[in-house]
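Reproduced below: upload_17.cif, with mmCIF, C-alpha atoms.
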data_upload
loop_
_atom_site.label_atom_id
_atom_site.label_comp_id
_atom_site.auth_asym_id
_atom_site.auth_seq_id
_atom_site.Cartn_x
_atom_site.Cartn_y
_atom_site.Cartn_z
CA MET A 1 26.65 120.96 20.65
CA LYS A 2 25.22 118.54 23.18
CA SER A 3 21.50 118.75 23.90
CA VAL A 4 18.95 117.46 26.35
CA CYS A 5 16.68 115.36 24.14
CA ILE A 6 12.96 114.88 24.77
CA PHE A 7 11.76 111.83 22.85
CA LEU A 8 8.24 112.01 21.43
CA ALA A 9 6.06 109.07 20.40
CA GLU A 10 2.43 109.08 19.27
CA GLY A 11 0.27 109.58 22.37
CA PHE A 12 2.76 111.49 24.54
CA GLU A 13 1.44 113.72 27.36
CA GLU A 14 1.98 117.25 26.11
CA MET A 15 2.39 118.87 29.56
CA GLU A 16 5.14 116.42 30.46
CA ALA A 17 7.09 117.25 27.31
CA MET A 18 6.40 120.95 26.77
CA PHE A 19 6.57 122.24 30.35
CA PRO A 20 10.09 120.83 30.95
CA LEU A 21 11.11 121.95 27.42
CA ASP A 22 9.99 125.51 28.16
CA ILE A 23 11.72 125.59 31.57
CA MET A 24 15.00 124.23 30.21
CA ARG A 25 15.09 126.61 27.25
CA ARG A 26 14.30 129.57 29.51
CA GLY A 27 17.25 128.42 31.60
CA GLY A 28 19.56 128.50 28.59
CA LEU A 29 19.90 124.77 27.97
CA SER A 30 20.10 123.33 24.47
CA VAL A 31 17.02 121.12 24.18
CA LYS A 32 15.78 119.14 21.19
CA THR A 33 12.55 117.27 20.68
CA VAL A 34 13.10 113.97 18.89
CA SER A 35 10.37 112.08 17.03
CA VAL A 36 10.56 108.29 17.18
CA THR A 37 7.67 107.96 14.70
CA GLY A 38 9.49 108.49 11.39
CA ASN A 39 7.57 111.76 10.96
CA ARG A 40 8.48 115.15 12.40
CA THR A 41 4.85 115.81 13.40
CA VAL A 42 3.90 113.77 16.45
CA VAL A 43 0.34 113.74 17.80
CA SER A 44 -0.05 113.89 21.58
CA SER A 45 -2.46 111.93 23.77
CA HIS A 46 -4.92 114.84 23.54
CA GLN A 47 -4.61 115.12 19.75
CA VAL A 48 -2.23 118.10 19.70
CA PRO A 49 0.20 117.88 16.77
CA VAL A 50 3.75 118.90 17.70
CA VAL A 51 6.57 119.31 15.18
CA ALA A 52 9.76 117.73 16.55
CA ASP A 53 13.16 119.31 15.99
CA VAL A 54 14.67 116.11 14.61
CA LEU A 55 13.81 112.53 13.64
CA PHE A 56 15.36 109.75 15.72
CA GLU A 57 17.11 108.33 12.67
CA ASP A 58 18.76 111.72 11.98
CA LEU A 59 19.85 112.28 15.60
CA GLN A 60 23.58 112.44 16.23
CA LYS A 61 23.79 110.10 19.22
CA ASP A 62 27.05 111.66 20.49
CA GLU A 63 25.23 115.00 20.81
CA VAL A 64 22.63 113.66 23.26
CA GLU A 65 23.42 114.93 26.76
CA MET A 66 20.35 113.53 28.52
CA ILE A 67 17.41 111.33 27.55
CA VAL A 68 14.02 112.66 28.70
CA LEU A 69 10.90 110.51 28.27
CA PRO A 70 7.46 112.09 28.71
CA GLY A 71 4.59 109.88 29.79
CA GLY A 72 1.12 109.62 28.38
CA LEU A 73 -0.54 106.62 26.83
CA PRO A 74 0.10 105.14 24.42
CA GLY A 75 3.17 107.43 24.20
CA ALA A 76 5.21 105.69 26.89
CA THR A 77 4.41 102.21 25.56
CA ASN A 78 5.43 103.38 22.08
CA LEU A 79 8.74 104.67 23.50
CA ASP A 80 9.19 101.36 25.34
CA ALA A 81 8.77 99.44 22.07
CA HIS A 82 11.24 101.51 20.00
CA ALA A 83 14.35 99.37 19.36
CA GLY A 84 16.67 102.30 18.62
CA LEU A 85 15.66 104.15 21.76
CA ASP A 86 16.08 100.94 23.76
CA LYS A 87 19.68 100.66 22.54
CA LEU A 88 20.39 104.32 23.34
CA VAL A 89 18.86 104.02 26.84
CA MET A 90 20.98 100.96 27.60
CA GLU A 91 24.14 102.73 26.36
CA PHE A 92 23.36 105.75 28.57
CA ALA A 93 22.66 103.53 31.57
CA ALA A 94 25.89 101.58 31.11
CA ALA A 95 27.86 104.85 30.93
CA GLY A 96 26.06 106.40 33.93
CA LYS A 97 24.74 109.24 31.76
CA PRO A 98 21.63 111.17 32.85
CA LEU A 99 18.20 109.65 32.21
CA ALA A 100 14.84 111.25 33.02
CA ALA A 101 11.23 110.13 32.69
CA ILE A 102 7.85 111.21 34.01
CA CYS A 103 4.41 109.69 34.64
CA VAL A 104 4.18 106.21 33.08
CA ALA A 105 7.50 106.56 31.20
CA PRO A 106 9.73 105.47 34.14
CA MET A 107 8.49 101.99 33.23
CA VAL A 108 10.88 102.14 30.25
CA TYR A 109 13.79 102.18 32.70
CA GLY A 110 12.12 99.93 35.26
CA LYS A 111 11.32 97.14 32.79
CA ARG A 112 15.01 97.05 31.86
CA GLY A 113 16.05 96.64 35.50
CA LEU A 114 17.79 100.03 35.54
CA LEU A 115 16.04 101.23 38.71
CA LYS A 116 16.86 98.22 40.92
CA GLY A 117 17.65 99.38 44.45
CA LYS A 118 16.97 103.03 43.60
CA LYS A 119 14.26 105.36 44.90
CA ALA A 120 11.78 105.93 42.09
CA THR A 121 8.40 107.49 41.35
CA CYS A 122 5.87 107.25 38.55
CA TYR A 123 2.14 107.48 37.91
CA PRO A 124 0.26 105.46 40.55
CA GLY A 125 -0.32 101.88 39.44
CA PHE A 126 2.65 101.82 37.08
CA ASP A 127 5.08 101.16 39.94
CA LYS A 128 4.56 97.46 39.14
CA TYR A 129 6.92 98.02 36.19
CA LEU A 130 9.70 99.53 38.33
CA GLU A 131 11.54 96.23 38.76
CA GLY A 132 13.38 96.20 42.09
CA ALA A 133 12.96 99.93 42.69
CA VAL A 134 11.93 101.52 45.99
CA TYR A 135 8.70 103.30 45.02
CA THR A 136 8.29 106.59 46.92
CA GLY A 137 5.31 108.23 45.24
CA ASN A 138 7.08 111.60 45.52
CA MET A 139 6.36 114.21 42.86
CA VAL A 140 10.02 114.10 41.74
CA GLU A 141 12.74 111.64 42.66
CA LYS A 142 16.44 112.21 41.93
CA THR A 143 18.65 109.16 42.42
CA ASP A 144 22.12 108.71 40.90
CA ASN A 145 21.80 109.50 37.18
CA PHE A 146 17.95 109.37 37.17
CA ILE A 147 15.37 112.14 37.49
CA LEU A 148 11.83 110.78 37.64
CA GLY A 149 8.46 112.54 37.89
CA LYS A 150 5.11 111.28 39.11
CA GLY A 151 2.68 112.72 36.54
CA PRO A 152 1.31 115.81 34.81
CA ALA A 153 1.18 117.90 38.01
CA ALA A 154 4.88 117.17 38.53
CA ALA A 155 5.87 118.55 35.10
CA PRO A 156 7.13 121.95 36.40
CA GLU A 157 9.10 120.44 39.30
CA PHE A 158 10.46 117.77 36.93
CA GLY A 159 11.61 120.46 34.48
CA PHE A 160 13.23 122.48 37.26
CA ALA A 161 15.03 119.37 38.55
CA ILE A 162 16.54 118.78 35.11
CA LEU A 163 17.50 122.46 34.80
CA GLU A 164 19.14 122.34 38.25
CA HIS A 165 21.12 119.25 37.23
CA PHE A 166 22.78 121.20 34.41
CA ALA A 167 22.63 124.87 35.45
CA GLY A 168 22.44 124.88 39.26
CA ALA A 169 20.01 126.11 41.90
CA GLU A 170 20.66 129.81 41.25
CA LYS A 171 19.53 129.48 37.61
CA VAL A 172 16.41 127.58 38.76
CA GLN A 173 15.53 130.43 41.14
CA GLU A 174 16.04 132.97 38.34
CA VAL A 175 13.74 131.05 35.96
CA LYS A 176 11.15 130.41 38.69
CA LYS A 177 11.05 134.12 39.49
CA GLY A 178 10.64 135.03 35.81
CA MET A 179 7.78 132.51 35.49
CA LEU A 180 6.15 133.80 38.72
CA PHE A 181 6.62 130.54 40.61
CA ILE A 182 8.13 132.69 43.36
CA GLY A 183 7.53 136.34 44.24
#
Let me see the structure of the file written as structure tokens.
Amino acid sequence: MKSVCIFLAEGFEEMEAMFPLDIMRRGGLSVKTVSVTGNRTVVSSHQVPVVADVLFEDLQKDEVEMIVLPGGLPGATNLDAHAGLDKLVMEFAAAGKPLAAICVAPMVYGKRGLLKGKKATCYPGFDKYLEGAVYTGNMVEKTDNFILGKGPAAAPEFGFAILEHFAGAEKVQEVKKGMLFIG
């Protein structure tokens, strides 16, 4: 079964991983958290230990439906430095498969030139890493196969954008209503 995969590195921003995870699972998507650390327990930027569903080295690459990268420091820089994730990102980009990132993590795509000519957003100040992108500063930016979020406050909207990509606007409204985002 294909899954949306949220990749976790030491120092990830917990809101940017857990909020989208919660939204997508409420919406019925198959979502896995993937540790790139070699250990299933990954410690967030605010020292919250989270047990990932699977280790990167045990991940069946053909079962990954979308790559989602949460921000946080040094989480995003640790994701950026992971050779296996780099290879997977480049394979997804070449195939036009869906890629998402929030906060400082869009730099992973930007530093690889994947956002050239595309509208993009990220945490203010990190737009310098979005090589050739058109920085909008919007809370969420959807362009081609990319869904990008600005920062922690964008985590719900980012999660809903991913859910909408796979399940449609009606499912998003249903989940929003159940979470009291709308009356």
Produce a table with one row for each residue of segment 74-99 of chain A that has an atom at most 9 Å from any atom of segment 35-52 of chain A, each row naming the nearest atom pair and its distance in Å at one decimal; use only C-alpha atoms; arrange rows by chain and rising residue number; format as a tab-separated table.
residue	atom	partner	partner_atom	distance
A:Pro74	CA	A:Ser45	CA	7.3
A:Gly75	CA	A:Ser45	CA	7.2
A:Asn78	CA	A:Val36	CA	8.6
A:Leu79	CA	A:Val36	CA	7.5
A:His82	CA	A:Val36	CA	7.4
A:Gly84	CA	A:Val36	CA	8.7
A:Leu85	CA	A:Val36	CA	8.0
Let me see the file: selected residues, C-alpha atoms, as a compact mmCIF listing (two decimals), in the frame of the given file.
# COMPACT_ATOMS: atom_id res chain seq x y z
CA PRO A 74 0.10 105.14 24.42
CA GLY A 75 3.17 107.43 24.20
CA ASN A 78 5.43 103.38 22.08
CA LEU A 79 8.74 104.67 23.50
CA HIS A 82 11.24 101.51 20.00
CA GLY A 84 16.67 102.30 18.62
CA LEU A 85 15.66 104.15 21.76
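The result of the PyMOL selection byres ((chain A and resi 146) around 6) on the shown file is Pro98, Leu99, Ala100, Lys142, Thr143, Asp144, Asn145 and Ile147 of chain A.
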Explicit residue set for the PyMOL selection byres ((chain A and resi 24) around 10), as a PDB file with C-alpha atoms, in the coordinates of the input:
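Wrote part-v6.pdb, looks like this:
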ATOM      1  CA  VAL A   4      18.950 117.460  26.350  1.00  0.00           C
ATOM      2  CA  MET A  18       6.400 120.950  26.770  1.00  0.00           C
ATOM      3  CA  PHE A  19       6.570 122.240  30.350  1.00  0.00           C
ATOM      4  CA  PRO A  20      10.090 120.830  30.950  1.00  0.00           C
ATOM      5  CA  LEU A  21      11.110 121.950  27.420  1.00  0.00           C
ATOM      6  CA  ASP A  22       9.990 125.510  28.160  1.00  0.00           C
ATOM      7  CA  ILE A  23      11.720 125.590  31.570  1.00  0.00           C
ATOM      8  CA  ARG A  25      15.090 126.610  27.250  1.00  0.00           C
ATOM      9  CA  ARG A  26      14.300 129.570  29.510  1.00  0.00           C
ATOM     10  CA  GLY A  27      17.250 128.420  31.600  1.00  0.00           C
ATOM     11  CA  GLY A  28      19.560 128.500  28.590  1.00  0.00           C
ATOM     12  CA  LEU A  29      19.900 124.770  27.970  1.00  0.00           C
ATOM     13  CA  SER A  30      20.100 123.330  24.470  1.00  0.00           C
ATOM     14  CA  VAL A  31      17.020 121.120  24.180  1.00  0.00           C
ATOM     15  CA  GLY A 159      11.610 120.460  34.480  1.00  0.00           C
ATOM     16  CA  PHE A 160      13.230 122.480  37.260  1.00  0.00           C
ATOM     17  CA  ALA A 161      15.030 119.370  38.550  1.00  0.00           C
ATOM     18  CA  ILE A 162      16.540 118.780  35.110  1.00  0.00           C
ATOM     19  CA  LEU A 163      17.500 122.460  34.800  1.00  0.00           C
ATOM     20  CA  GLU A 164      19.140 122.340  38.250  1.00  0.00           C
ATOM     21  CA  PHE A 166      22.780 121.200  34.410  1.00  0.00           C
ATOM     22  CA  ALA A 167      22.630 124.870  35.450  1.00  0.00           C
ATOM     23  CA  VAL A 172      16.410 127.580  38.760  1.00  0.00           C
ATOM     24  CA  VAL A 175      13.740 131.050  35.960  1.00  0.00           C
TER      25      VAL A 175
END
Around the point (15.5, 95.7, 40.3), in the coordinates given by the file, pick out the residues reaching within 12 Å, counting only C-alpha atoms, and return them as a ChimeraX atom specification. /A:107,109-120,127-135
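Straight-line separation from atom CA of Pro152 of chain A to atom CA of Gly178 of chain A: 21.4 Å.
Closest approach to Val34 of chain A from the set A:Asp53, A:Glu14, A:Asp80, A:Glu174 is made by A:Asp53, with distances taken over all atoms listed in the file.
Using all atoms listed in the file, the nearest neighbour of Ile67 of chain A within the list A:Leu55, A:Met1, A:Val89, A:Met15 is A:Val89.
With all atoms listed in the file as the basis for measurement, A:Gly151 is the residue among A:Met90, A:Pro124, A:Asn138, A:Gly151 that approaches Cys103 of chain A most closely.
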May I ask you to restore N, CA, C and O atoms in segment 15-26 of chain A and write the result as an mmCIF file, keeping the file's coordinate frame?
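Done, and the output landed in rebuild23.cif:
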data_model
loop_
_atom_site.group_PDB
_atom_site.id
_atom_site.type_symbol
_atom_site.label_atom_id
_atom_site.label_comp_id
_atom_site.auth_asym_id
_atom_site.auth_seq_id
_atom_site.Cartn_x
_atom_site.Cartn_y
_atom_site.Cartn_z
ATOM 1 N N MET A 15 1.862 118.111 28.409
ATOM 2 C CA MET A 15 2.390 118.870 29.560
ATOM 3 C C MET A 15 3.754 118.357 29.992
ATOM 4 O O MET A 15 4.623 119.126 30.370
ATOM 5 N N GLU A 16 3.921 117.040 29.959
ATOM 6 C CA GLU A 16 5.140 116.420 30.460
ATOM 7 C C GLU A 16 6.319 116.586 29.508
ATOM 8 O O GLU A 16 7.459 116.394 29.906
ATOM 9 N N ALA A 17 6.028 116.953 28.275
ATOM 10 C CA ALA A 17 7.090 117.250 27.310
ATOM 11 C C ALA A 17 7.335 118.751 27.209
ATOM 12 O O ALA A 17 8.468 119.214 27.286
ATOM 13 N N MET A 18 6.265 119.521 27.061
ATOM 14 C CA MET A 18 6.400 120.950 26.770
ATOM 15 C C MET A 18 6.765 121.791 27.986
ATOM 16 O O MET A 18 7.519 122.754 27.870
ATOM 17 N N PHE A 19 6.236 121.449 29.156
ATOM 18 C CA PHE A 19 6.570 122.240 30.350
ATOM 19 C C PHE A 19 8.070 122.135 30.651
ATOM 20 O O PHE A 19 8.746 123.159 30.788
ATOM 21 N N PRO A 20 8.635 120.923 30.738
ATOM 22 C CA PRO A 20 10.090 120.830 30.950
ATOM 23 C C PRO A 20 10.890 121.490 29.821
ATOM 24 O O PRO A 20 11.901 122.155 30.083
ATOM 25 N N LEU A 21 10.441 121.322 28.572
ATOM 26 C CA LEU A 21 11.110 121.950 27.420
ATOM 27 C C LEU A 21 11.177 123.455 27.620
ATOM 28 O O LEU A 21 12.243 124.067 27.491
ATOM 29 N N ASP A 22 10.069 124.070 27.960
ATOM 30 C CA ASP A 22 9.990 125.510 28.160
ATOM 31 C C ASP A 22 10.929 125.952 29.288
ATOM 32 O O ASP A 22 11.697 126.900 29.133
ATOM 33 N N ILE A 23 10.880 125.248 30.415
ATOM 34 C CA ILE A 23 11.720 125.590 31.570
ATOM 35 C C ILE A 23 13.204 125.501 31.202
ATOM 36 O O ILE A 23 13.987 126.408 31.500
ATOM 37 N N MET A 24 13.581 124.410 30.550
ATOM 38 C CA MET A 24 15.000 124.230 30.210
ATOM 39 C C MET A 24 15.485 125.271 29.218
ATOM 40 O O MET A 24 16.593 125.793 29.353
ATOM 41 N N ARG A 25 14.669 125.590 28.219
ATOM 42 C CA ARG A 25 15.090 126.610 27.250
ATOM 43 C C ARG A 25 15.163 127.979 27.890
ATOM 44 O O ARG A 25 16.079 128.748 27.594
ATOM 45 N N ARG A 26 14.222 128.296 28.787
ATOM 46 C CA ARG A 26 14.300 129.570 29.510
ATOM 47 C C ARG A 26 15.583 129.638 30.328
ATOM 48 O O ARG A 26 16.149 130.709 30.518
#
